[in-house]
Amino acid sequence: MRNIRYDLFTCLVIVAAQVPIRAQSTQGAPAAKPTPPLASVTNSIELERKLEAVSSALVVTRQQLEQSRQEMEQLRQELVEIRKQLGATQALSTASPTSQTDADAKTTAAAIEDLQERLQTTEAQVKVHDQTKIESGSKYPLHVTGLLLFNSFINHGAVDNIDLPEAALNNQTNTVGNGSAGATFRQTILGLEGFGPRIAGARSSASIDIDFFAGLAYSSYATSAGTVRMRTASINLDWDHDSLQVGFVSPLISPLSPTSYAMVAEPALAGAGNLWTWAPQLRYTHQLHLPSGRRAQLELGVWDPPTAGYSTNELFRTPSPGEASKQPAYESRVSYGTFTGERPFQIGLSGYYSRQSYSNSESVDSWAATTDWRVPIGTRIEISGEGYRGRALGGLGGGVYKDALFGTYPSTGQATYRGLNTIGGWSQFKAHFSRSIETNASIGLDNGFASDFHAIVLPPTPTATQLRARNRMVFANLIYRPKTYLIFSPEYRRIWTWPITGTANTADVFTLSAGYQF
């Protein structure tokens, strides 16, 4: 019985051991591989493409890094050469005489100081740009410009305007006296300059300047404070080779003026050879660029011709003889030069024509032929000037502000207007001693033809202006700018004014000007 139980237990153990062995053999048998789906194949191909793209990018990056390394090595070599040159220059400076070394050191120090000042000014402007910018209604940039100008003066002799003399008066007949002294801020200038969008491919801009020289204020300080007036204004369209301007500006035929801070409200030598009067104009300019940075320029314009001394109504604007002719004045100019840089060269020829009509149905042809030049000599000297020959140019400042003479014919006694022929011009010598110091010497002359005065019988009681036949002026000044925005300028001016009969009236003017330009 015990053996039967043992045999039965042994059989059960053997059967139990064979079951897991079969299971293990069944699990370890190799299974058939399933067919991969189409998406898996596509992903594999895409991955291979990305790997190829990354490999190509790595190759390109490696090439760029190698090129950058070569450029850095080249720059390092150039820096070594520059250091060697600086060392040689310093050694040469040490070996030079002491006086020359001191002079070079002073020049270098002045240049460094000027550069530091410019850098500080630029940095300050950049830092405060967002706080100080002016926002216009059009959202385009708007700049404020100006010159706060103080003028003190001493006049020896009687003059037509003590703030800005242009003619000398007879000491015996005027009521002002034989001299004067004073000071004024009336020649201060304030301006706005705006830049707009492109119109038909042109850059648009506009500007306006005002000063305080329109008249005297009705107050106890009227002698030193003035009334606001519009000085100049313009709207501009500028293409690469052409420009169009509508403005209240100086004559196209007279683009230059001498340099003076004593004569700003009206340009220097006005009434003595400088045709300057501002008036409404329409101008077209075409530029032809030439080799070596030079260019030729053609300018055409029409304008509302001003006429001096004919406004008889203090409340309303009356037509001038030029406006009464019902046609504009015409002007043109051809010029050649560089026109840019600190020492530009230019030379120009101009022409002008206007028709004037007077109350007795008489007409006068106003015309002018002018030339202008600006020639640098070396790096420190410049000669500039203008010349003209014309008739009835009083509205431009010629003929000592006379267009025509009024009188009667000696033979018939008939009243008539006679256009005054005149010739004149000015020239200036400018010398730059340094960036902060320059000097100017100028002479100007406006001469009416005596034959026109003697061709008619003048009224029995003519005014001093009607009798003026010639006006000459010379001046010399020194302009010192200790900083880019500060100006100090002493000036001496002498005026000779001749009537048609008698001796010349003279006046000496001493002026000290101080300005702050912004």
# chains A, B, ... in the order shown; residues from 1 in each chain; ligands from 1
call {"tool": "select_by_dssp", "arguments": {"residues": "region 266-496 of chain A", "states": "alpha helix (DSSP H)", "output": "PDB file with C-alpha atoms, in the first residue's frame"}}
result
ATOM      1  CA  PRO A 321       3.397 148.056 -60.073  1.00  0.00           C
ATOM      2  CA  GLY A 322       4.609 144.527 -60.804  1.00  0.00           C
ATOM      3  CA  GLU A 323       1.309 142.999 -59.668  1.00  0.00           C
ATOM      4  CA  ALA A 324      -0.637 145.657 -61.548  1.00  0.00           C
ATOM      5  CA  ALA A 450      23.131 159.666 -63.111  1.00  0.00           C
ATOM      6  CA  SER A 451      21.808 160.050 -66.674  1.00  0.00           C
ATOM      7  CA  ASP A 452      18.381 158.806 -65.520  1.00  0.00           C
ATOM      8  CA  PHE A 453      18.245 161.449 -62.797  1.00  0.00           C
ATOM      9  CA  HIS A 454      19.213 164.227 -65.190  1.00  0.00           C
ATOM     10  CA  ALA A 464      15.823 161.573 -49.289  1.00  0.00           C
ATOM     11  CA  THR A 465      15.149 158.115 -50.729  1.00  0.00           C
ATOM     12  CA  GLN A 466      14.249 159.568 -54.135  1.00  0.00           C
ATOM     13  CA  LEU A 467      17.502 161.536 -54.239  1.00  0.00           C
TER      14      LEU A 467
END
call {"tool": "residues_around", "arguments": {"residues": "Thr422 (chain A)", "least_positions_apart": "6", "cutoff": "9 Å", "atoms": "only C-alpha atoms", "output": "number ranges by chain"}}
result
A: 388-393, 398-399, 446-449
call {"tool": "atom_distance", "arguments": {"atom1": "CA of Ile377 (chain A)", "atom2": "CA of Leu349 (chain A)"}}
result
21.2 Å
call {"tool": "closest_residue", "arguments": {"among": "A:Tyr140, A:Phe406, A:Phe185, A:Tyr284", "to": "Leu244 (chain A)", "atoms": "only C-alpha atoms"}}
result
A:Tyr284
call {"tool": "atom_distance", "arguments": {"atom1": "CA of Ala469 (chain A)", "atom2": "CA of Ser332 (chain A)"}}
result
27.9 Å
call {"tool": "atom_distance", "arguments": {"atom1": "CA of Ala404 (chain A)", "atom2": "CA of Asn471 (chain A)"}}
result
16.5 Å
call {"tool": "residues_around", "arguments": {"residues": "Ala415 (chain A)", "least_positions_apart": "6", "cutoff": "12 Å", "atoms": "only C-alpha atoms", "output": "list in words"}}
result
Tyr358, Ser359, Asn360, Ser361, Glu362, Leu405, Phe406, Gly407, Thr408, Tyr409, Ile456, Val457, Leu458 and Pro459 of chain A
call {"tool": "residues_around", "arguments": {"residues": "Ala183 (chain A)", "least_positions_apart": "4", "cutoff": "7 Å", "atoms": "only C-alpha atoms", "output": "list in words"}}
result
Asn151, Ser152, Phe153 and Ser224 of chain A
call {"tool": "write_last_selection", "arguments": {"atoms": "N, CA and C atoms", "output": "PDB file, in the first residue's frame"}}
result
ATOM      1  N   ASN A 151      22.323 141.911 -30.125  1.00  0.00           N
ATOM      2  CA  ASN A 151      23.162 142.875 -30.833  1.00  0.00           C
ATOM      3  C   ASN A 151      23.252 144.171 -30.034  1.00  0.00           C
ATOM      4  N   SER A 152      24.448 144.576 -29.675  1.00  0.00           N
ATOM      5  CA  SER A 152      24.681 145.906 -29.108  1.00  0.00           C
ATOM      6  C   SER A 152      25.455 146.725 -30.142  1.00  0.00           C
ATOM      7  N   PHE A 153      25.201 148.029 -30.210  1.00  0.00           N
ATOM      8  CA  PHE A 153      25.752 148.821 -31.305  1.00  0.00           C
ATOM      9  C   PHE A 153      26.037 150.246 -30.861  1.00  0.00           C
ATOM     10  N   SER A 224      13.651 147.927 -27.876  1.00  0.00           N
ATOM     11  CA  SER A 224      14.457 146.710 -27.865  1.00  0.00           C
ATOM     12  C   SER A 224      13.647 145.459 -28.178  1.00  0.00           C
TER      13      SER A 224
END
call {"tool": "residues_around", "arguments": {"residues": "Leu445 (chain A)", "least_positions_apart": "3", "cutoff": "9 Å", "atoms": "only C-alpha atoms", "output": "PyMOL selection string"}}
result
chain A and resi 269+271-274+423-426+470-474
call {"tool": "write_last_selection", "arguments": {"atoms": "all heavy atoms", "output": "short mmCIF file (atom, residue, chain, number, x, y, z; two decimals), in the first residue's frame"}}
result
data_model
loop_
_atom_site.label_atom_id
_atom_site.label_comp_id
_atom_site.auth_asym_id
_atom_site.auth_seq_id
_atom_site.Cartn_x
_atom_site.Cartn_y
_atom_site.Cartn_z
N LEU A 269 24.81 143.76 -46.47
CA LEU A 269 24.97 144.57 -47.67
C LEU A 269 23.68 144.75 -48.45
O LEU A 269 23.70 145.06 -49.64
CB LEU A 269 26.07 143.99 -48.58
CG LEU A 269 27.47 143.86 -47.96
CD1 LEU A 269 28.46 143.33 -48.97
CD2 LEU A 269 27.95 145.18 -47.39
N GLY A 271 20.79 146.74 -49.92
CA GLY A 271 20.79 148.14 -50.34
C GLY A 271 22.14 148.63 -50.79
O GLY A 271 22.28 149.79 -51.18
N ALA A 272 23.15 147.75 -50.75
CA ALA A 272 24.50 148.14 -51.18
C ALA A 272 25.12 147.02 -51.99
O ALA A 272 26.25 146.60 -51.75
CB ALA A 272 25.36 148.48 -49.97
N GLY A 273 24.37 146.50 -52.96
CA GLY A 273 24.92 145.50 -53.86
C GLY A 273 24.38 144.10 -53.68
O GLY A 273 24.71 143.21 -54.47
N ASN A 274 23.55 143.86 -52.67
CA ASN A 274 23.00 142.53 -52.44
C ASN A 274 21.51 142.54 -52.74
O ASN A 274 20.71 143.13 -52.01
CB ASN A 274 23.24 142.11 -50.98
CG ASN A 274 22.84 140.66 -50.72
OD1 ASN A 274 22.50 139.93 -51.64
ND2 ASN A 274 22.89 140.26 -49.47
N ILE A 423 23.78 149.38 -61.52
CA ILE A 423 24.82 148.37 -61.57
C ILE A 423 25.39 148.22 -60.17
O ILE A 423 25.47 149.19 -59.42
CB ILE A 423 25.93 148.74 -62.59
CG1 ILE A 423 26.90 147.57 -62.77
CG2 ILE A 423 26.66 150.01 -62.17
CD1 ILE A 423 27.89 147.78 -63.90
N GLY A 424 25.75 147.01 -59.80
CA GLY A 424 26.26 146.82 -58.44
C GLY A 424 26.69 145.39 -58.19
O GLY A 424 26.71 144.54 -59.08
N GLY A 425 26.98 145.13 -56.93
CA GLY A 425 27.40 143.81 -56.51
C GLY A 425 28.19 143.87 -55.22
O GLY A 425 28.36 144.94 -54.62
N TRP A 426 28.67 142.74 -54.80
CA TRP A 426 29.45 142.66 -53.57
C TRP A 426 30.46 141.52 -53.68
O TRP A 426 30.32 140.63 -54.52
CB TRP A 426 28.56 142.43 -52.35
CG TRP A 426 27.77 141.14 -52.38
CD1 TRP A 426 26.52 140.96 -52.90
CD2 TRP A 426 28.19 139.86 -51.90
NE1 TRP A 426 26.12 139.65 -52.78
CE2 TRP A 426 27.13 138.94 -52.17
CE3 TRP A 426 29.33 139.37 -51.28
CZ2 TRP A 426 27.20 137.59 -51.82
CZ3 TRP A 426 29.40 138.03 -50.92
CH2 TRP A 426 28.34 137.16 -51.18
N ARG A 470 23.63 156.53 -55.05
CA ARG A 470 24.65 155.50 -54.88
C ARG A 470 24.80 155.18 -53.40
O ARG A 470 24.70 156.08 -52.55
CB ARG A 470 25.98 155.97 -55.47
CG ARG A 470 27.07 154.92 -55.42
CD ARG A 470 28.27 155.34 -56.25
NE ARG A 470 28.76 156.65 -55.90
CZ ARG A 470 29.95 157.15 -56.28
NH1 ARG A 470 30.73 156.40 -57.07
NH2 ARG A 470 30.34 158.35 -55.94
N ASN A 471 25.05 153.91 -53.11
CA ASN A 471 25.24 153.48 -51.72
C ASN A 471 26.37 152.45 -51.69
O ASN A 471 26.34 151.47 -52.43
CB ASN A 471 23.94 152.86 -51.17
CG ASN A 471 23.93 152.81 -49.66
OD1 ASN A 471 24.42 153.72 -49.00
ND2 ASN A 471 23.38 151.75 -49.10
N ARG A 472 27.35 152.69 -50.82
CA ARG A 472 28.48 151.79 -50.69
C ARG A 472 28.68 151.43 -49.22
O ARG A 472 28.46 152.26 -48.33
CB ARG A 472 29.76 152.42 -51.24
CG ARG A 472 30.96 151.47 -51.23
CD ARG A 472 32.14 152.11 -51.94
NE ARG A 472 32.67 153.26 -51.20
CZ ARG A 472 33.54 154.14 -51.69
NH1 ARG A 472 33.95 154.02 -52.94
NH2 ARG A 472 33.96 155.14 -50.95
N MET A 473 29.08 150.18 -48.99
CA MET A 473 29.25 149.71 -47.63
C MET A 473 30.42 148.74 -47.56
O MET A 473 30.60 147.90 -48.47
CB MET A 473 27.96 149.02 -47.14
CG MET A 473 27.92 148.68 -45.66
SD MET A 473 26.40 147.77 -45.20
CE MET A 473 25.11 148.88 -45.78
N VAL A 474 31.22 148.85 -46.52
CA VAL A 474 32.28 147.87 -46.24
C VAL A 474 32.13 147.44 -44.79
O VAL A 474 31.68 148.22 -43.93
CB VAL A 474 33.69 148.44 -46.49
CG1 VAL A 474 33.87 148.83 -47.94
CG2 VAL A 474 33.97 149.62 -45.58
#
call {"tool": "select_by_dssp", "arguments": {"residues": "region 315-400 of chain A", "states": "strand (DSSP E or B)", "output": "PyMOL selection string"}}
result
chain A and resi 329-337+346-357+363-377+381-391
